[in-house]
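Let me begin by presenting the structure, written as structure tokens, before commenting on it.
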Amino acid sequence: MSDVAPPAFPLQDLKSIANRHFGLSGDIVKLVSERDQNARLTSDGTSYVLKIAHVCEDPEQLDMQNAVLAHLAATGFEGTPRLCRTLAGDETASVDKDGARHLARVVTWLEGDLLSQAPRTLAQLENLGAFMGQLTGRLQGFGHPASFRPDFVWSLDHVGQVQAWSKDISDPGHRGRVEDLFLRYNTLIAPRLPALRASVLHQDANDNNVIVDPADTDRIAGLIDFGDMAYGRTINELAITLAYAVLDADDIYGAIRAVIKGFTGTFPITEDEAELVYDLMRIRLAASVCISSNQAKKHPDNTYLTISQEPAFQLLDRLASVDPAFMIALCRKAAGYPAIARAPAVRSALAGKAYGPVLFPDLKRTPRMALLVDGTYPDMPLYSDRSFDAWFESRRTKELPSDLPFVGLGPYGEKRDVYTSEQFADPASRERRNRHLGVDIFAPAGTAVHAPLAGTVQSVCYNPAELDYGHTLILRHETEAGEPFFTLYGHLGEDVFRLAKPGQQIRAGDLIGHFGDWHENGGWSPHLHFQVMTDLLSQTGNFFGVGHSSLWDVWSDICIDPNLVLGLPAESYAVDPHPPRELLERREKTLGPSLSVSYRNKLKIVRGKGPWLIDHTGRCFLDAVNNITHVGHCHPHVTEAIGRQAAILNTNTRYLSELILDYSERLTKKLPEGLDTVFFVNSGSEANELALRIARTAIGRKSTVVLDWAYHGNTGGMVDVSPYKFKRAGGYPKPDFVEIAAFPDPYRGDHKGMSKEAGEAYACDVDRCLASFEAATGSGAAAFIAESVSGVGGQVFYPQGYLAKAYEMVRARGGVCIADEVQCGFGRMGAHFWAFELQGVIPDIVVMGKPIGNGHPLAAVVTTRELAEKFRNGMEYFNSFGGNPVSMAVGMAVLDVIENENLQARAASTGDYLMAGFQALAKDHELIGNVRGKGLFCGLELVRDRRSIAPATSEAGMIVNQLRERGVLISTDGPLENVLKIKPPMVFGKEEADILIGELGDTLRQHCQVF
Ligand SMILES: Cc1ncc(COP(=O)(O)O)c(C=O)c1O
């Protein structure tokens, strides 16, 4: 900077210079200028600026400025002045004053207002960024020898030269901050600069050099004054633009983001540049105050110099208390990069995996409510209000066993107004941080907290401020690829200091703390604040728990969704606007009243996954009863098959298709030879109907032998052959064409035990039925229909040889044997694919339903070619939906999964494990009179007295309801409704078996006094 005063030509001289050298005449007005002398000249309605350069001005610099204007004009860039040549065709004219020679130039006047006169908006700042980005783009490839200005104090690349002037800053606080910035710059920033690209820069987009459109001051009309141009790191242009744009910004974050977004929208920057621009902006501010302080020292009487640096000092003060790492994250995000570079990698590394529970029992299974602060609960006190505890306790449902925990969940990303203390205020913006960065889990003080995944203790601290975390643990983890990330546990009790020491290795599942009470957790109702960070920014021992709403895109990269680790269903964090009570009322009005709803406390199930059913609160219930969703709820292979085929074709069997043939061939391969002809239908009832029609048509009579307590379906024809239906409420006398054979129940029936003798003894009753038909009609039965293992009869396995003998007798009198495998088929027995194999028989007709389609309406009848031919009596068999391509694709997919996931073998091993567990329970609980099962088809028959085997019917009902409260779903069945029925999806493993046995054990123990 020169100490020589700017040129001061009188107006008259200026006029004559304009006229003589540039041929311009008209009004002339002096303009304010720091170094040169500038005047506005209006000639023939066009305005120009006459610029008389400072006597010390290097002509090379002027040449560069002229060259850049020419370059920009040549690229068609709007918004910078155009150079007007002299009458002699030169770019400059020499003019003399007081013996000194000055260079005079004329450029066109840019119409508009100075940005400094216009109100500031974020849209305007974004436009400013865009303008400067465009300019930077146009300057790529522009070069000039004079652009290398290492001694120029405003060359940001050479900012080190002004560092020494920091000592001229009079206020020690300001001085200290500037010195800190230089220290940071020299150690962290400068070493990274050589790797960055460089170009010629304008370097001075201050608000007196930027012109805006007066009609729309958000629109940038142009940029003037190329006097500070220099070659430097390209990113400096953005840094300098930012330094000016942010100077008096109310919302520094918004201003920074707007400028960067605009700039990078027209001139993308690299990730390194995005990371450095914030520090470059601050060092520019530091340079600016160093330069002005040095000037002020030289000109102590120039108060303007002191005043003009005040905004920069204030900005540096405000920024001093903002975490620079956060600002860098903000800049990265604004430039289109993840706020934290590794955030996407950590997110995807965590996604879709299962982690250890943070609380026991696993939060997934714990009864819960979403605690929302949006007015959903008008009477809910603040979490920091002592009355919250009682309010929360009052929300437990009355059915919930008292020993079960009940948790409240405060969602990630929720906007909260509870953060009122000073620590949530922000020097860089009026906006208070209020958006929740973790998940809150409310449970009583003392609740144990476990590490969901292995890691190292990063820090254990007590953050005692009001509404802070209290005792806080941070663990450091790494993804498989070695990317670090962190989990935070806030509001713990004091004993965390004992359980976790910095540097200590933690294994998944280790106890790491307990929920702290009010006095030790920052003054909150006891809860755990669980958070996952991809970076600790510059924080130690503590971390932001809430972020700015307007910066959520930045915060959510720094603090990723903790549910990636917790793995709770989305419903856990929301309140269902249509709870079960409401649905029940609607259902009563709309649906047939004879439909029943399970459990005393009704369930609204909203999704399923594997062996889990998830209710409207996100609680996962272990499904131990649904044998229909054989390969697991919503198995992706099956749902994919449905979607794929539905999008290609769904029609009926009147067209040829490989699908149905491929599937039929694959299905019949699972059956004994001879059972080779398939009919497809849509339900078990329909399949049994058809099976009986085939038998009756083939044999030429209707008479049918059924087992007592059998159920074969819901149609009129099936109710006729289902004593389970017609003998009970709403029933009717046995139809004449039906005979009921004794139920071969080895526990409760006349013939005890599984022996062959017992089996044959029961089979004799089938013969009695056949004889009865013969006596009445002269011939035996058309068909004997029986489940291969009884389901509704109470999971009853017949004694040895029963079916063999019964089939023999039926066939001896000309009848056919139908095996209803609707409940028990498809590998459920573990050792066998079909349950009839347990009895060593081959039926004439096999009926398949439920598991065959994993919940999709598909069922099948498989019989011999001979019987099928006899059924072809001229009457066409047509089924609109049976055998449709979508159903066939589903059937295929189900078989794929059974085979690919080895589900039959899994049923065998899990079944053995379950049976051992049930038997152990039976040792402790007299109530369990009989344990029976094969594979994943088990029954526990409950009795009040093992000698009299008096059925414990109400107890069975209570247990089923208690288990439902404990998160396990089973049902009762059997003639006396005293059998606990267990037939889970085949994906049930040891882990699920442990939950079932554990909860059943707890239920039995808890209620042993009652029973
Ligand atoms: C043994 C048995 N057969 C047939 C059926 C009828 O099947 P669907 O309900 O698919 O008509 C059932 C249904 O519970 C059943 O358990």
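Following the order of the structure tokens, first chain is A, next is B, and so on, with residues numbered from 1 inside each chain and ligands from 1 in the order they appear.
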Inset, instruction - Collect all residues with atoms no farther than 9 Å from ligand 1, counting only C-alpha atoms and all ligand atoms, and output them as a ChimeraX atom specification. - result: /A:682-688,710-715,718,786-792,820-824,847-850,857-859
Legend entry - For Leu488 of chain A: contacts at 12 Å, only C-alpha atoms, fewer than 6 positions along chain excluded, given as a ChimeraX atom specification: /A:358,437-440,449-452,455-461,469,471-477,512-513,528-536,540-545,559-560,562,565
Inset, instruction - Quick one: pick out all alpha helix (DSSP H) residues within segment 667-736 of chain A from a backbone DSSP run and write them as a PyMOL selection string. - result: chain A and resi 667-669+684-699+716-720+723-726
Inset, instruction - Just the residues within 8 Å of Ala889 of chain A, please, counting only C-alpha atoms, with nothing from its chain fewer than 6 positions along; format it as a PyMOL selection string. - result: chain A and resi 641-642+645+659
Could you write out the selected residues, including C-alpha atoms, as a CSV table (one decimal), in the first residue's frame?
```
chain,number,residue,atom,x,y,z
A,641,ALA,CA,-41.3,-63.4,-7.3
A,642,ILE,CA,-44.8,-62.0,-6.7
A,645,GLN,CA,-44.5,-62.2,-12.2
A,659,LEU,CA,-44.4,-72.0,-15.3
```
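The two atoms in question, atom CA of Asp157 of chain A and atom CA of Gly254 of chain A, are spaced 26.4 Å apart.
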Which residues are close to Ser909 of chain A, i.e. within 12 Å by only C-alpha atoms, leaving aside same-chain residues fewer than 4 positions away? Reply as a PDB file with N, CA, C and O atoms, in the first residue's frame.
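Writing done, so here's selection_38.pdb:
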```pdb
ATOM      1  N   ARG A 828     -42.172 -79.331   7.575  1.00  0.00           N
ATOM      2  CA  ARG A 828     -42.352 -78.886   8.955  1.00  0.00           C
ATOM      3  C   ARG A 828     -41.996 -79.964   9.974  1.00  0.00           C
ATOM      4  O   ARG A 828     -41.538 -79.665  11.082  1.00  0.00           O
ATOM      5  N   MET A 829     -42.182 -81.214   9.574  1.00  0.00           N
ATOM      6  CA  MET A 829     -41.903 -82.300  10.523  1.00  0.00           C
ATOM      7  C   MET A 829     -40.402 -82.493  10.761  1.00  0.00           C
ATOM      8  O   MET A 829     -39.987 -83.248  11.624  1.00  0.00           O
ATOM      9  N   GLY A 830     -39.601 -81.822   9.952  1.00  0.00           N
ATOM     10  CA  GLY A 830     -38.144 -81.934  10.147  1.00  0.00           C
ATOM     11  C   GLY A 830     -37.573 -83.167   9.471  1.00  0.00           C
ATOM     12  O   GLY A 830     -36.905 -83.080   8.454  1.00  0.00           O
ATOM     13  N   ALA A 831     -37.902 -84.336  10.009  1.00  0.00           N
ATOM     14  CA  ALA A 831     -37.336 -85.574   9.442  1.00  0.00           C
ATOM     15  C   ALA A 831     -37.935 -85.881   8.075  1.00  0.00           C
ATOM     16  O   ALA A 831     -37.323 -86.592   7.275  1.00  0.00           O
ATOM     17  N   ASN A 902     -32.180 -74.566   3.630  1.00  0.00           N
ATOM     18  CA  ASN A 902     -32.158 -75.825   4.423  1.00  0.00           C
ATOM     19  C   ASN A 902     -33.193 -75.834   5.532  1.00  0.00           C
ATOM     20  O   ASN A 902     -32.917 -76.219   6.669  1.00  0.00           O
ATOM     21  N   LEU A 903     -34.374 -75.383   5.209  1.00  0.00           N
ATOM     22  CA  LEU A 903     -35.346 -75.150   6.281  1.00  0.00           C
ATOM     23  C   LEU A 903     -35.867 -76.443   6.903  1.00  0.00           C
ATOM     24  O   LEU A 903     -36.237 -76.455   8.082  1.00  0.00           O
ATOM     25  N   GLN A 904     -35.877 -77.508   6.121  1.00  0.00           N
ATOM     26  CA  GLN A 904     -36.364 -78.760   6.717  1.00  0.00           C
ATOM     27  C   GLN A 904     -35.396 -79.222   7.821  1.00  0.00           C
ATOM     28  O   GLN A 904     -35.820 -79.598   8.918  1.00  0.00           O
ATOM     29  N   ALA A 905     -34.104 -79.131   7.518  1.00  0.00           N
ATOM     30  CA  ALA A 905     -33.110 -79.532   8.522  1.00  0.00           C
ATOM     31  C   ALA A 905     -33.169 -78.589   9.722  1.00  0.00           C
ATOM     32  O   ALA A 905     -33.008 -78.999  10.881  1.00  0.00           O
ATOM     33  N   TYR A 913     -34.464 -78.890  19.822  1.00  0.00           N
ATOM     34  CA  TYR A 913     -34.049 -77.950  20.867  1.00  0.00           C
ATOM     35  C   TYR A 913     -35.275 -77.462  21.650  1.00  0.00           C
ATOM     36  O   TYR A 913     -35.267 -77.406  22.891  1.00  0.00           O
ATOM     37  N   LEU A 914     -36.323 -77.155  20.896  1.00  0.00           N
ATOM     38  CA  LEU A 914     -37.559 -76.688  21.535  1.00  0.00           C
ATOM     39  C   LEU A 914     -38.137 -77.773  22.438  1.00  0.00           C
ATOM     40  O   LEU A 914     -38.540 -77.497  23.584  1.00  0.00           O
ATOM     41  N   MET A 915     -38.174 -78.968  21.910  1.00  0.00           N
ATOM     42  CA  MET A 915     -38.784 -80.066  22.683  1.00  0.00           C
ATOM     43  C   MET A 915     -38.025 -80.276  23.994  1.00  0.00           C
ATOM     44  O   MET A 915     -38.624 -80.479  25.044  1.00  0.00           O
ATOM     45  N   ALA A 916     -36.682 -80.194  23.917  1.00  0.00           N
ATOM     46  CA  ALA A 916     -35.895 -80.359  25.146  1.00  0.00           C
ATOM     47  C   ALA A 916     -36.255 -79.241  26.123  1.00  0.00           C
ATOM     48  O   ALA A 916     -36.410 -79.471  27.333  1.00  0.00           O
ATOM     49  N   LYS A 934     -42.904 -82.710  16.658  1.00  0.00           N
ATOM     50  CA  LYS A 934     -41.862 -83.148  15.707  1.00  0.00           C
ATOM     51  C   LYS A 934     -41.530 -81.912  14.888  1.00  0.00           C
ATOM     52  O   LYS A 934     -42.446 -81.194  14.437  1.00  0.00           O
ATOM     53  N   GLY A 935     -40.244 -81.681  14.691  1.00  0.00           N
ATOM     54  CA  GLY A 935     -39.869 -80.501  13.936  1.00  0.00           C
ATOM     55  C   GLY A 935     -40.502 -79.272  14.561  1.00  0.00           C
ATOM     56  O   GLY A 935     -40.508 -79.099  15.788  1.00  0.00           O
ATOM     57  N   LEU A 936     -41.081 -78.447  13.725  1.00  0.00           N
ATOM     58  CA  LEU A 936     -41.675 -77.204  14.247  1.00  0.00           C
ATOM     59  C   LEU A 936     -43.198 -77.325  14.306  1.00  0.00           C
ATOM     60  O   LEU A 936     -43.923 -76.437  13.837  1.00  0.00           O
ATOM     61  N   MET A 986     -40.686 -71.540   9.537  1.00  0.00           N
ATOM     62  CA  MET A 986     -39.558 -72.485   9.559  1.00  0.00           C
ATOM     63  C   MET A 986     -38.198 -71.811   9.731  1.00  0.00           C
ATOM     64  O   MET A 986     -37.183 -72.483   9.874  1.00  0.00           O
ATOM     65  N   VAL A 987     -38.169 -70.488   9.670  1.00  0.00           N
ATOM     66  CA  VAL A 987     -36.898 -69.781   9.882  1.00  0.00           C
ATOM     67  C   VAL A 987     -36.579 -69.658  11.372  1.00  0.00           C
ATOM     68  O   VAL A 987     -35.524 -69.148  11.748  1.00  0.00           O
ATOM     69  N   PHE A 988     -37.468 -70.115  12.198  1.00  0.00           N
ATOM     70  CA  PHE A 988     -37.259 -70.113  13.645  1.00  0.00           C
ATOM     71  C   PHE A 988     -35.951 -70.849  13.964  1.00  0.00           C
ATOM     72  O   PHE A 988     -35.729 -71.974  13.524  1.00  0.00           O
ATOM     73  N   GLY A 989     -35.107 -70.199  14.727  1.00  0.00           N
ATOM     74  CA  GLY A 989     -33.835 -70.839  15.079  1.00  0.00           C
ATOM     75  C   GLY A 989     -33.701 -70.940  16.590  1.00  0.00           C
ATOM     76  O   GLY A 989     -34.649 -70.682  17.340  1.00  0.00           O
ATOM     77  N   LYS A 990     -32.489 -71.261  17.018  1.00  0.00           N
ATOM     78  CA  LYS A 990     -32.229 -71.470  18.448  1.00  0.00           C
ATOM     79  C   LYS A 990     -32.490 -70.175  19.238  1.00  0.00           C
ATOM     80  O   LYS A 990     -33.054 -70.213  20.333  1.00  0.00           O
ATOM     81  N   ALA A 993     -36.057 -69.824  19.654  1.00  0.00           N
ATOM     82  CA  ALA A 993     -36.527 -70.877  20.570  1.00  0.00           C
ATOM     83  C   ALA A 993     -36.227 -70.473  22.011  1.00  0.00           C
ATOM     84  O   ALA A 993     -37.056 -70.673  22.914  1.00  0.00           O
TER      85      ALA A 993
END
```
Legend entry - strand (DSSP E or B) residues, from DSSP on the backbone, in segment 672-794 of chain A, as number ranges by chain: A: 677-681, 704-707, 738-741, 783-787, 790
Pull C-alpha atoms from the residues just selected and write them as a PDB file, in the first residue's frame.
```
ATOM      1  CA  THR A 677     -51.154 -85.251 -11.309  1.00  0.00           C
ATOM      2  CA  VAL A 678     -51.806 -81.765  -9.997  1.00  0.00           C
ATOM      3  CA  PHE A 679     -54.780 -79.411  -9.680  1.00  0.00           C
ATOM      4  CA  PHE A 680     -54.185 -75.906  -8.394  1.00  0.00           C
ATOM      5  CA  VAL A 681     -56.701 -74.022  -6.296  1.00  0.00           C
ATOM      6  CA  THR A 704     -66.868 -90.048   3.814  1.00  0.00           C
ATOM      7  CA  VAL A 705     -65.086 -91.092   6.978  1.00  0.00           C
ATOM      8  CA  VAL A 706     -63.587 -88.276   8.971  1.00  0.00           C
ATOM      9  CA  LEU A 707     -61.717 -88.085  12.247  1.00  0.00           C
ATOM     10  CA  VAL A 738     -70.357 -88.701   7.084  1.00  0.00           C
ATOM     11  CA  GLU A 739     -69.116 -91.121   9.706  1.00  0.00           C
ATOM     12  CA  ILE A 740     -66.821 -89.928  12.495  1.00  0.00           C
ATOM     13  CA  ALA A 741     -63.952 -92.193  13.496  1.00  0.00           C
ATOM     14  CA  ALA A 783     -63.045 -91.485   0.977  1.00  0.00           C
ATOM     15  CA  PHE A 784     -61.255 -91.347   4.263  1.00  0.00           C
ATOM     16  CA  ILE A 785     -59.923 -87.879   4.867  1.00  0.00           C
ATOM     17  CA  ALA A 786     -57.531 -87.143   7.703  1.00  0.00           C
ATOM     18  CA  GLU A 787     -54.768 -84.743   8.538  1.00  0.00           C
ATOM     19  CA  SER A 790     -53.831 -83.274  13.733  1.00  0.00           C
TER      20      SER A 790
END
```
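Distance-wise, atom CA of Ala74 of chain A and atom CA of Phe131 of chain A end up 17.2 Å apart.
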Legend entry - Nearest candidate to Thr863 of chain A (options A:Gly490, A:Pro6, A:Pro672, A:Gly933; using only C-alpha atoms): A:Pro672
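Residues in contact range of segment 842-844 of chain A, defined as at most 7 Å between only C-alpha atoms, with sequence neighbours fewer than 2 positions away removed, read Val816, Cys817, Ile818, Ala819, Val846, Thr863 and Thr864 of chain A.
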Can those selected residues be exported to a file as a short mmCIF file (atom, residue, chain, number, x, y, z; two decimals), in the first residue's frame so that it contains N, CA and C atoms?
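selection26.cif written:
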```
data_model
loop_
_atom_site.label_atom_id
_atom_site.label_comp_id
_atom_site.auth_asym_id
_atom_site.auth_seq_id
_atom_site.Cartn_x
_atom_site.Cartn_y
_atom_site.Cartn_z
N VAL A 816 -60.93 -94.30 -1.26
CA VAL A 816 -59.61 -93.70 -1.42
C VAL A 816 -59.24 -92.91 -0.16
N CYS A 817 -57.92 -92.74 0.00
CA CYS A 817 -57.41 -92.09 1.23
C CYS A 817 -56.85 -90.73 0.89
N ILE A 818 -57.37 -89.74 1.60
CA ILE A 818 -56.94 -88.35 1.37
C ILE A 818 -56.12 -87.88 2.58
N ALA A 819 -54.92 -87.40 2.29
CA ALA A 819 -54.10 -86.84 3.38
C ALA A 819 -54.20 -85.32 3.31
N VAL A 846 -53.25 -86.07 -2.05
CA VAL A 846 -52.61 -85.22 -1.03
C VAL A 846 -53.13 -83.79 -1.22
N THR A 863 -52.84 -86.04 -7.06
CA THR A 863 -53.40 -87.39 -7.01
C THR A 863 -52.74 -88.25 -8.08
N THR A 864 -53.28 -89.43 -8.25
CA THR A 864 -52.72 -90.34 -9.26
C THR A 864 -53.38 -90.03 -10.60
#
```
Hey, what's within 8 Å of Ile269 of chain A if we count only C-alpha atoms and toss same-chain stuff fewer than 3 positions away? As a short mmCIF file (atom, residue, chain, number, x, y, z; two decimals) with N, CA and C atoms, in the first residue's frame, please?
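Result saved to out.cif:
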```
data_model
loop_
_atom_site.label_atom_id
_atom_site.label_comp_id
_atom_site.auth_asym_id
_atom_site.auth_seq_id
_atom_site.Cartn_x
_atom_site.Cartn_y
_atom_site.Cartn_z
N ILE A 235 -9.41 -21.51 -5.09
CA ILE A 235 -10.42 -21.49 -4.02
C ILE A 235 -10.39 -20.17 -3.24
N THR A 264 -20.47 -23.08 -6.27
CA THR A 264 -20.19 -24.43 -6.78
C THR A 264 -21.22 -24.86 -7.81
N GLU A 273 -10.68 -28.44 -1.68
CA GLU A 273 -11.00 -27.01 -1.67
C GLU A 273 -12.16 -26.73 -0.72
N ALA A 274 -13.16 -27.62 -0.78
CA ALA A 274 -14.32 -27.44 0.10
C ALA A 274 -13.90 -27.51 1.56
N ALA A 335 -20.95 -27.54 -0.78
CA ALA A 335 -20.26 -27.73 -2.07
C ALA A 335 -20.69 -29.03 -2.74
#
```
Legend entry - Exercise: Leu72 of chain A partners within 9 Å, only C-alpha atoms, chain neighbours under 3 positions left out, as a ChimeraX atom specification: /A:67-69,75-78,80,82,135,138-139
Go ahead and write the selection's residues with C-alpha atoms as a PDB file, in the first residue's frame.
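Contents of the output file again_25.pdb:
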```
ATOM      1  CA  ALA A  67      -6.220  -7.837 -20.566  1.00  0.00           C
ATOM      2  CA  VAL A  68      -8.656  -9.462 -18.196  1.00  0.00           C
ATOM      3  CA  LEU A  69     -11.471  -7.151 -19.247  1.00  0.00           C
ATOM      4  CA  THR A  75     -15.749 -14.984 -23.569  1.00  0.00           C
ATOM      5  CA  GLY A  76     -19.054 -13.112 -23.601  1.00  0.00           C
ATOM      6  CA  PHE A  77     -19.081 -12.697 -19.841  1.00  0.00           C
ATOM      7  CA  GLU A  78     -21.728 -10.189 -18.802  1.00  0.00           C
ATOM      8  CA  THR A  80     -17.781  -6.636 -15.965  1.00  0.00           C
ATOM      9  CA  ARG A  82     -15.612  -3.100 -21.079  1.00  0.00           C
ATOM     10  CA  LEU A 135     -16.215 -15.450 -13.255  1.00  0.00           C
ATOM     11  CA  ARG A 138     -14.089 -17.730 -17.255  1.00  0.00           C
ATOM     12  CA  LEU A 139     -10.716 -16.933 -15.728  1.00  0.00           C
TER      13      LEU A 139
END
```
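Interatomic distance, atom CA of Ser394 of chain A against atom CA of Glu585 of chain A: 24.2 Å.
Of the listed residues (A:Thr397, A:Ser384, A:Gln117, A:Ser538), A:Ser538 comes nearest to Ala329 of chain A; the distances count only C-alpha atoms.
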Inset, instruction - Counting only C-alpha atoms, figure out which residue out of A:Val861, A:Ile211, A:Met64, A:Leu83 gets nearest to Ala230 of chain A. - result: A:Met64
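Of the listed residues (A:Glu91, A:Glu673, A:Leu41, A:Val106), A:Glu91 comes nearest to Pro59 of chain A; the distances count only C-alpha atoms.
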